[in-house]
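Below is coords_3.txt, which holds compact mmCIF, C-alpha atoms.
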```txt
# COMPACT_ATOMS: atom_id res chain seq x y z
CA TYR M 1 11.67 -44.69 -28.29
CA GLU M 2 9.08 -45.26 -25.55
CA GLU M 3 10.88 -42.84 -23.25
CA ASN M 4 10.87 -40.19 -25.96
CA VAL M 5 7.13 -40.66 -26.53
CA TYR M 6 6.56 -40.48 -22.77
CA ASP M 7 8.59 -37.26 -22.42
CA THR M 8 6.86 -35.72 -25.45
CA LEU M 9 3.37 -36.51 -24.11
CA LEU M 10 4.33 -35.24 -20.67
CA ASN M 11 5.52 -31.91 -21.99
CA LEU M 12 2.76 -31.43 -24.56
CA SER M 13 0.21 -31.00 -21.78
CA VAL M 14 -0.85 -27.44 -20.95
CA ASP M 15 -1.15 -28.56 -17.30
CA GLY M 16 1.66 -29.15 -14.88
CA ILE M 17 2.11 -32.87 -14.23
CA SER M 18 3.95 -34.66 -11.46
CA LEU M 19 4.35 -38.34 -10.64
CA GLU M 20 4.86 -39.54 -7.07
CA ASN M 21 5.37 -42.92 -5.43
CA ASP M 22 3.23 -44.27 -2.60
CA ASN M 23 5.34 -42.40 -0.04
CA GLY M 24 4.78 -39.05 -1.70
CA LYS M 25 8.28 -38.83 -3.19
CA MET M 26 8.46 -37.03 -6.51
CA LEU M 27 9.55 -39.36 -9.31
CA ASP M 28 9.08 -37.21 -12.39
CA CYS M 29 7.40 -34.05 -13.62
CA ASN M 30 6.91 -32.09 -16.79
CA GLU M 31 8.39 -28.69 -17.55
CA ASN M 32 5.18 -26.77 -16.88
CA ILE M 33 4.77 -27.72 -13.23
CA HIS M 34 8.21 -26.79 -12.01
CA LYS M 35 8.30 -23.60 -14.10
CA MET M 36 4.89 -22.37 -12.91
CA LEU M 37 6.07 -22.78 -9.32
CA GLY M 38 9.42 -21.16 -10.02
CA TYR M 39 11.74 -24.14 -9.54
CA THR M 40 14.19 -26.01 -11.69
CA LYS M 41 13.25 -29.62 -12.36
CA LYS M 42 16.00 -30.83 -10.04
CA GLU M 43 14.74 -28.60 -7.22
CA PHE M 44 11.13 -29.62 -7.76
CA LEU M 45 11.87 -33.35 -7.68
CA ASN M 46 13.35 -32.89 -4.22
CA LEU M 47 10.14 -31.29 -2.92
CA SER M 48 6.75 -32.52 -1.83
CA LEU M 49 3.36 -30.86 -1.50
CA ASP M 50 4.19 -30.02 2.12
CA ASP M 51 7.38 -28.29 1.02
CA LEU M 52 5.33 -26.02 -1.23
CA GLU M 53 3.45 -24.80 1.84
CA VAL M 54 -0.11 -25.44 0.80
CA LYS M 55 -2.45 -23.56 3.11
CA LYS M 56 -3.71 -25.72 5.94
CA GLU M 57 -7.37 -25.21 5.09
CA ASP M 58 -6.68 -26.57 1.60
CA ILE M 59 -4.33 -29.40 2.45
CA GLN M 60 -6.35 -30.89 5.32
CA ASN M 61 -8.36 -33.00 2.88
CA ILE M 62 -5.41 -33.98 0.66
CA ASP M 63 -3.64 -37.06 1.92
CA LEU M 64 -0.21 -37.77 0.45
CA ASN M 65 0.07 -41.23 1.96
CA LEU M 66 -1.32 -43.35 -0.85
CA SER M 67 -1.28 -46.52 1.20
CA LYS M 68 -4.25 -45.41 3.30
CA ASP M 69 -7.52 -47.05 2.41
CA HIS M 70 -9.61 -43.88 2.26
CA ILE M 71 -7.69 -42.29 -0.60
CA GLU M 72 -10.04 -41.80 -3.54
CA ARG M 73 -9.02 -43.00 -6.97
CA ASN M 74 -9.66 -39.54 -8.39
CA SER M 75 -9.76 -36.35 -6.35
CA TYR M 76 -10.08 -32.70 -7.26
CA LYS M 77 -9.04 -29.74 -5.14
CA GLU M 78 -8.34 -26.04 -5.36
CA VAL M 79 -5.01 -25.43 -3.65
CA THR M 80 -2.98 -22.30 -2.93
CA PHE M 81 0.78 -22.68 -3.24
CA ILE M 82 3.61 -20.37 -2.26
CA LYS M 83 6.00 -20.17 -5.18
CA LYS M 84 9.75 -20.03 -4.85
CA ASP M 85 9.72 -16.22 -5.15
CA GLY M 86 7.16 -15.91 -2.34
CA THR M 87 4.17 -15.07 -4.54
CA PHE M 88 1.02 -17.16 -4.55
CA LEU M 89 -0.36 -19.51 -7.15
CA ILE M 90 -3.92 -20.81 -6.99
CA GLY M 91 -4.19 -24.12 -8.74
CA GLU M 92 -6.75 -26.72 -9.70
CA ILE M 93 -5.32 -30.09 -8.77
CA ASN M 94 -6.63 -33.37 -10.11
CA THR M 95 -5.02 -36.52 -8.78
CA SER M 96 -5.36 -40.14 -9.82
CA ILE M 97 -3.84 -43.37 -8.55
CA LEU M 98 -2.13 -45.56 -11.13
CA GLU M 99 -0.75 -49.05 -10.75
CA VAL M 100 2.49 -49.58 -12.67
CA ALA M 101 4.03 -53.04 -12.39
CA LYS M 102 2.09 -53.58 -9.14
CA ASN M 103 3.45 -50.31 -7.74
CA LYS M 104 1.11 -47.48 -6.84
CA ARG M 105 1.81 -44.14 -8.42
CA GLN M 106 0.00 -40.85 -7.92
CA ILE M 107 -0.23 -38.64 -10.97
CA THR M 108 -1.13 -35.02 -10.30
CA PHE M 109 -2.37 -32.49 -12.85
CA LEU M 110 -1.97 -28.85 -11.83
CA ARG M 111 -3.61 -25.98 -13.69
CA ASP M 112 -2.80 -22.37 -12.78
CA ILE M 113 -6.13 -20.57 -12.16
CA THR M 114 -4.71 -17.56 -10.32
CA GLN M 115 -5.85 -14.98 -12.88
CA ARG M 116 -9.30 -16.57 -13.08
CA LYS M 117 -9.69 -16.36 -9.30
CA ILE M 118 -8.53 -12.73 -9.31
CA LEU M 119 -11.11 -11.95 -12.00
CA GLU M 120 -13.82 -13.80 -10.07
CA LYS M 121 -12.98 -11.79 -6.96
CA HIS M 122 -13.09 -8.57 -8.97
CA LEU M 123 -16.47 -9.47 -10.46
CA LYS M 124 -17.79 -10.35 -7.00
CA GLU M 125 -16.59 -6.98 -5.70
CA LEU M 126 -18.38 -5.26 -8.57
CA SER M 127 -21.58 -7.08 -7.64
CA ILE M 128 -21.51 -6.02 -3.98
CA ARG M 129 -19.93 -2.54 -4.17
CA ASP M 130 -21.44 0.81 -4.97
CA GLY M 131 -19.69 2.13 -8.07
CA LEU M 132 -19.14 5.67 -6.80
CA THR M 133 -18.24 5.25 -3.13
CA GLN M 134 -16.88 1.66 -3.23
CA LEU M 135 -18.89 0.93 -0.10
CA TYR M 136 -21.28 -2.02 -0.01
CA ASN M 137 -24.31 -1.46 -2.19
CA ARG M 138 -27.85 -1.45 -0.79
CA ARG M 139 -28.52 -5.10 -1.57
CA TYR M 140 -25.33 -6.35 0.08
CA ILE M 141 -25.52 -4.14 3.19
CA PHE M 142 -29.01 -5.55 3.74
CA LYS M 143 -27.54 -9.03 3.45
CA MET M 144 -24.88 -8.16 6.06
CA PHE M 145 -27.59 -6.75 8.32
CA GLN M 146 -29.55 -9.99 8.03
CA LEU M 147 -26.44 -11.97 9.00
CA GLU M 148 -25.84 -9.75 12.02
CA ILE M 149 -29.51 -10.13 13.05
CA GLU M 150 -29.05 -13.90 12.96
CA LYS M 151 -25.90 -13.62 15.12
CA PHE M 152 -27.80 -11.39 17.54
CA GLU M 153 -30.62 -13.92 17.82
CA LYS M 154 -28.11 -16.71 18.46
CA ASN M 155 -25.72 -14.94 20.87
CA ASN M 156 -27.94 -12.23 22.41
CA HIS M 157 -25.26 -9.61 21.89
CA PRO M 158 -26.46 -6.01 21.43
CA LEU M 159 -26.58 -4.65 17.91
CA SER M 160 -26.92 -1.03 16.83
CA ILE M 161 -27.58 0.49 13.45
CA SER M 162 -27.36 4.03 12.19
CA ILE M 163 -28.70 5.72 9.10
CA ILE M 164 -26.97 8.98 8.24
CA ASP M 165 -27.76 11.49 5.54
CA ILE M 166 -25.63 14.37 4.22
CA ASP M 167 -27.29 17.66 5.10
CA HIS M 168 -28.49 19.93 2.28
CA PHE M 169 -26.99 17.66 -0.35
CA LYS M 170 -29.32 18.94 -3.08
CA LYS M 171 -28.12 22.48 -2.39
CA ILE M 172 -24.51 21.28 -2.64
CA ASN M 173 -25.26 19.81 -6.07
CA ASP M 174 -27.17 22.91 -7.20
CA ARG M 175 -24.53 25.38 -6.06
CA PHE M 176 -21.26 23.52 -6.67
CA GLY M 177 -22.29 21.05 -9.38
CA HIS M 178 -22.76 17.30 -9.53
CA ILE M 179 -19.05 16.60 -9.92
CA MET M 180 -18.44 18.30 -6.59
CA GLY M 181 -21.43 16.45 -5.18
CA ASP M 182 -19.83 13.17 -6.19
CA GLU M 183 -16.58 14.25 -4.54
CA VAL M 184 -18.49 14.95 -1.32
CA LEU M 185 -20.07 11.48 -1.40
CA LYS M 186 -16.72 9.79 -2.04
CA ASN M 187 -14.93 11.73 0.68
CA ILE M 188 -17.66 11.14 3.27
CA ALA M 189 -17.65 7.44 2.37
CA ASN M 190 -13.88 7.38 2.81
CA VAL M 191 -14.08 9.06 6.23
CA LEU M 192 -16.78 6.63 7.34
CA GLY M 193 -14.87 3.59 6.14
CA ARG M 194 -11.61 4.66 7.80
CA ASN M 195 -13.15 5.52 11.15
CA LEU M 196 -15.37 2.54 11.81
CA ARG M 197 -14.05 -0.47 13.68
CA TYR M 198 -13.04 -3.86 12.36
CA GLY M 199 -16.25 -5.88 12.16
CA ASP M 200 -18.53 -2.90 11.55
CA HIS M 201 -20.31 -2.71 8.19
CA ILE M 202 -21.26 0.25 6.05
CA GLY M 203 -23.10 0.59 2.78
CA ARG M 204 -24.62 3.24 0.58
CA TYR M 205 -28.28 3.02 1.49
CA GLY M 206 -29.44 5.32 -1.28
CA GLY M 207 -28.61 8.74 -2.72
CA GLU M 208 -26.71 10.55 0.02
CA GLU M 209 -27.74 8.11 2.77
CA PHE M 210 -25.54 5.49 4.41
CA LEU M 211 -26.45 2.51 6.57
CA ILE M 212 -23.98 1.59 9.32
CA ILE M 213 -24.17 -1.70 11.24
CA LEU M 214 -22.40 -1.85 14.60
CA PRO M 215 -22.31 -5.40 16.05
CA ASN M 216 -21.84 -5.96 19.79
CA THR M 217 -22.54 -2.27 20.35
CA ARG M 218 -25.03 -0.54 22.64
CA SER M 219 -26.63 2.73 21.63
CA GLU M 220 -24.41 4.83 23.93
CA GLU M 221 -21.24 3.51 22.30
CA ALA M 222 -22.79 3.79 18.85
CA LEU M 223 -23.53 7.43 19.54
CA GLU M 224 -19.91 8.08 20.55
CA ILE M 225 -18.66 6.47 17.33
CA ILE M 226 -21.02 8.37 15.04
CA GLN M 227 -20.52 11.67 16.88
CA ARG M 228 -16.76 11.31 16.53
CA ILE M 229 -17.09 10.72 12.80
CA LYS M 230 -19.51 13.65 12.52
CA THR M 231 -16.90 15.93 14.11
CA ILE M 232 -14.28 14.75 11.59
CA VAL M 233 -16.68 15.49 8.72
CA ASN M 234 -17.48 18.95 10.11
CA GLU M 235 -13.79 19.80 10.11
CA LEU M 236 -13.07 18.66 6.54
CA VAL M 237 -11.56 21.31 4.29
CA TRP M 238 -12.82 21.34 0.70
CA LYS M 239 -11.35 22.87 -2.43
CA GLU M 240 -14.52 24.97 -2.66
CA LYS M 241 -13.75 27.34 0.24
CA ASP M 242 -17.41 28.15 0.89
CA LEU M 243 -18.40 24.50 1.12
CA ARG M 244 -19.29 23.11 4.52
CA VAL M 245 -20.51 19.55 4.90
CA SER M 246 -22.34 17.92 7.78
CA PHE M 247 -24.65 14.98 8.27
CA SER M 248 -27.60 13.99 10.41
CA GLY M 249 -28.37 10.53 11.68
CA GLY M 250 -30.55 8.20 13.63
CA ILE M 251 -29.38 5.31 15.84
CA VAL M 252 -31.38 2.30 16.97
CA GLU M 253 -30.19 -0.38 19.37
CA ILE M 254 -31.56 -3.87 18.89
CA ASN M 255 -31.55 -5.97 22.05
CA LEU M 256 -33.57 -8.69 23.76
CA LYS M 257 -36.11 -6.18 25.05
CA ASN M 258 -36.93 -4.77 21.64
CA SER M 259 -36.21 -7.62 19.22
CA TYR M 260 -37.89 -6.38 16.06
CA ASP M 261 -40.05 -8.71 14.01
CA LYS M 262 -38.33 -7.64 10.80
CA LEU M 263 -35.03 -5.94 10.11
CA GLU M 264 -37.00 -3.43 8.02
CA ASP M 265 -38.73 -2.32 11.25
CA ALA M 266 -35.42 -1.32 12.83
CA ILE M 267 -34.36 0.49 9.65
CA ASP M 268 -37.72 2.29 9.53
CA ILE M 269 -37.26 3.54 13.10
CA ALA M 270 -33.66 4.64 12.38
CA ASP M 271 -34.95 6.47 9.32
CA LYS M 272 -37.59 8.28 11.37
CA LEU M 273 -34.94 9.28 13.90
CA LEU M 274 -32.84 10.62 11.04
CA TYR M 275 -35.66 12.87 9.90
CA LYS M 276 -36.25 13.94 13.50
CA ALA M 277 -32.59 15.03 13.59
CA LYS M 278 -33.15 17.04 10.43
CA ASP M 279 -36.31 18.62 11.84
CA ASN M 280 -34.36 19.57 14.98
CA GLY M 281 -31.80 21.57 13.03
CA ARG M 282 -29.56 19.04 11.23
CA ASN M 283 -25.91 18.22 12.00
CA ARG M 284 -27.08 16.07 14.91
CA ILE M 285 -27.79 12.47 15.88
CA GLU M 286 -31.00 11.13 17.43
CA VAL M 287 -30.93 7.88 19.43
CA LEU M 288 -33.62 5.46 20.55
CA VAL M 289 -33.51 2.33 22.65
CA LYS M 290 -36.97 0.81 22.36
CA ASN M 291 -38.12 -0.89 25.59
```

Let me see the file written as structure tokens.
Amino acid sequence: YEENVYDTLLNLSVDGISLENDNGKMLDCNENIHKMLGYTKKEFLNLSLDDLEVKKEDIQNIDLNLSKDHIERNSYKEVTFIKKDGTFLIGEINTSILEVAKNKRQITFLRDITQRKILEKHLKELSIRDGLTQLYNRRYIFKMFQLEIEKFEKNNHPLSISIIDIDHFKKINDRFGHIMGDEVLKNIANVLGRNLRYGDHIGRYGGEEFLIILPNTRSEEALEIIQRIKTIVNELVWKEKDLRVSFSGGIVEINLKNSYDKLEDAIDIADKLLYKAKDNGRNRIEVLVKN
């Protein structure tokens, strides 16, 4: 009777439950835990947490040796498992130490939070991305710029920024319509994103303007990168045969000689260089290294 009650209670739980001895050997589990990880009960009872390949950064604080003094009576962790089929499961794990007939037992409760974490990631992306171009929005690109400024101040590595603006964008909207204007923005954003380097950052600064952050980059190299992208944009073929798209830009290098008091100062100078490029005929890049 007691065993039936025990089994019923074990399997009534919405969480996965496992019971281990003080050496980490699985003693028992409910149906939920082995099913959510893709194993039969027999297979699961022959496994341990190590066998389920918990990521190192998650497992480093989970100690399976219950005989060690520093094990807490109750501990909570978020852990990523690799399931039997190779897919991932993100779980909330709550563990407690029980004493049964003077024997230590670890009881683990596992709740699958994979979909919740996916939703959280999606919501975070919505909060930092521009809805049209899917680049970072203005608020987040400023945050990334602030982080890169802090790295620059710590490591003294050069840092360049560029503000670019699509030439005659209002005329594009007026002549070809706002739907086509949106297509231009999305395509330019795509070209920019695909042709920057790993570690560079780009965001929609406003309207048809984009802010590009180029860490560990001097102005000469920044100019080469932006000029190369400008050439790609100039050669784009659009469904509107008469449509030609170009952009103008300004580049500022931040280094030890010109360390700006505020990041807004560097952006202001890049913005002025952008408008100088427009005044000088558009489809060009102006560069300044302030000494």

Using only C-alpha atoms, which residue out of M:Arg244, M:Asp85, M:Arg284, M:Thr80 lies closest to Lys35 (chain M)?
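The shortest atom-to-atom distance to Lys35 (chain M) comes from M:Asp85.
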
Fewer than 5 positions away in the same chain doesn't count, so skip those; otherwise give me all residues within 12 Å of Ile141 (chain M), counting all atoms listed in the file, as a PyMOL selection string.
chain M and resi 127-130+135-136+146-148+161+163+200-206+210-213+263+267

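Using all atoms listed in the file, the nearest neighbour of Leu196 (chain M) within the list M:Asn280, M:Gln227, M:Ser219, M:Thr133 is M:Gln227.
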
Across M:Leu123, M:Leu98, M:Ile164, M:Leu37, the smallest distance to Lys276 (chain M), with all atoms listed in the file counted, is shown by M:Ile164

Closest-contact table, region 105-149 of chain M side, partner region 7-23 of chain M, 10 Å, counting only C-alpha atoms, as a tab-separated table:
```
residue	atom	partner	partner_atom	distance
M:Arg105	CA	M:Asn21	CA	4.8
M:Gln106	CA	M:Glu20	CA	5.1
M:Ile107	CA	M:Leu19	CA	4.6
M:Thr108	CA	M:Ser18	CA	5.2
M:Phe109	CA	M:Ile17	CA	4.7
M:Leu110	CA	M:Gly16	CA	4.8
M:Arg111	CA	M:Asp15	CA	5.1
M:Asp112	CA	M:Asp15	CA	7.8
```

Store the residues picked out above, limited to C-alpha atoms, as a PDB file, in the coordinates of the input.
```pdb
ATOM      1  CA  ARG M 105       1.810 -44.140  -8.420  1.00  0.00           C
ATOM      2  CA  GLN M 106       0.000 -40.850  -7.920  1.00  0.00           C
ATOM      3  CA  ILE M 107      -0.230 -38.640 -10.970  1.00  0.00           C
ATOM      4  CA  THR M 108      -1.130 -35.020 -10.300  1.00  0.00           C
ATOM      5  CA  PHE M 109      -2.370 -32.490 -12.850  1.00  0.00           C
ATOM      6  CA  LEU M 110      -1.970 -28.850 -11.830  1.00  0.00           C
ATOM      7  CA  ARG M 111      -3.610 -25.980 -13.690  1.00  0.00           C
ATOM      8  CA  ASP M 112      -2.800 -22.370 -12.780  1.00  0.00           C
TER       9      ASP M 112
END
```

Neighbours of Leu274 (chain M) within 9 Å (all atoms listed in the file; same-chain residues fewer than 4 positions away dropped), as a PyMOL selection string?
chain M and resi 162-165+248-251+269-270+278-279+284-286

Written selection (C-alpha atoms) as a PDB file, in the frame of the given file:
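File written: selection_0.pdb
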```pdb
ATOM      1  CA  SER M 162     -27.360   4.030  12.190  1.00  0.00           C
ATOM      2  CA  ILE M 163     -28.700   5.720   9.100  1.00  0.00           C
ATOM      3  CA  ILE M 164     -26.970   8.980   8.240  1.00  0.00           C
ATOM      4  CA  ASP M 165     -27.760  11.490   5.540  1.00  0.00           C
ATOM      5  CA  SER M 248     -27.600  13.990  10.410  1.00  0.00           C
ATOM      6  CA  GLY M 249     -28.370  10.530  11.680  1.00  0.00           C
ATOM      7  CA  GLY M 250     -30.550   8.200  13.630  1.00  0.00           C
ATOM      8  CA  ILE M 251     -29.380   5.310  15.840  1.00  0.00           C
ATOM      9  CA  ILE M 269     -37.260   3.540  13.100  1.00  0.00           C
ATOM     10  CA  ALA M 270     -33.660   4.640  12.380  1.00  0.00           C
ATOM     11  CA  LYS M 278     -33.150  17.040  10.430  1.00  0.00           C
ATOM     12  CA  ASP M 279     -36.310  18.620  11.840  1.00  0.00           C
ATOM     13  CA  ARG M 284     -27.080  16.070  14.910  1.00  0.00           C
ATOM     14  CA  ILE M 285     -27.790  12.470  15.880  1.00  0.00           C
ATOM     15  CA  GLU M 286     -31.000  11.130  17.430  1.00  0.00           C
TER      16      GLU M 286
END
```

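Of the residues under consideration (M:Lys83, M:Arg228, M:Lys102, M:Lys77), M:Arg228 shows the shortest atom-to-atom contact distance to Leu192 (chain M) when counting all atoms listed in the file.
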
One number please: CA of Glu253 (chain M) to CA of Met144 (chain M), in Å, one decimal.
16.3 Å

By how many Å are CA of Glu78 (chain M) and CA of Gly199 (chain M) apart?
27.9 Å

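If only C-alpha atoms are the atoms counted, then among M:Tyr275, M:Phe176, M:Tyr198, M:Phe145 the closest residue to Glu240 (chain M) is M:Phe176.
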
Work out how far apart CA of Asn103 (chain M) and CA of Asn46 (chain M) are and give it in Å to one decimal.
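Distance reported for this atom pair: 20.3 Å.
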
Please give the centre and size of the box around region 197-206 of chain M (axis-aligned, containing every atom listed in the file, 8 Å added per side), with values in Å to one decimal and written as lines of an AutoDock Vina configuration file.
```
center_x = -21.2
center_y = -0.3
center_z = 6.2
size_x = 32.4
size_y = 27.2
size_z = 31.0
```

Nearest candidate to Asn173 (chain M) (options M:Glu224, M:Glu208, M:Gly131, M:Val237; using only C-alpha atoms)
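Smallest separation from Asn173 (chain M) among the options: M:Glu208.
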
Counting all atoms listed in the file, what is within 10 Å of Leu243 (chain M), bar same-chain residues fewer than 5 positions away, as a list of chain:residue names?
M:Ile172, M:Arg175, M:Phe176, M:Met180, M:Val184, M:Leu236, M:Val237, M:Trp238

Just want the 12 Å neighbourhood of Gly38 (chain M), counted on only C-alpha atoms, with same-chain residues fewer than 3 positions away dropped. Output as a ChimeraX atom specification.
/M:31-35,41-44,52,81-89
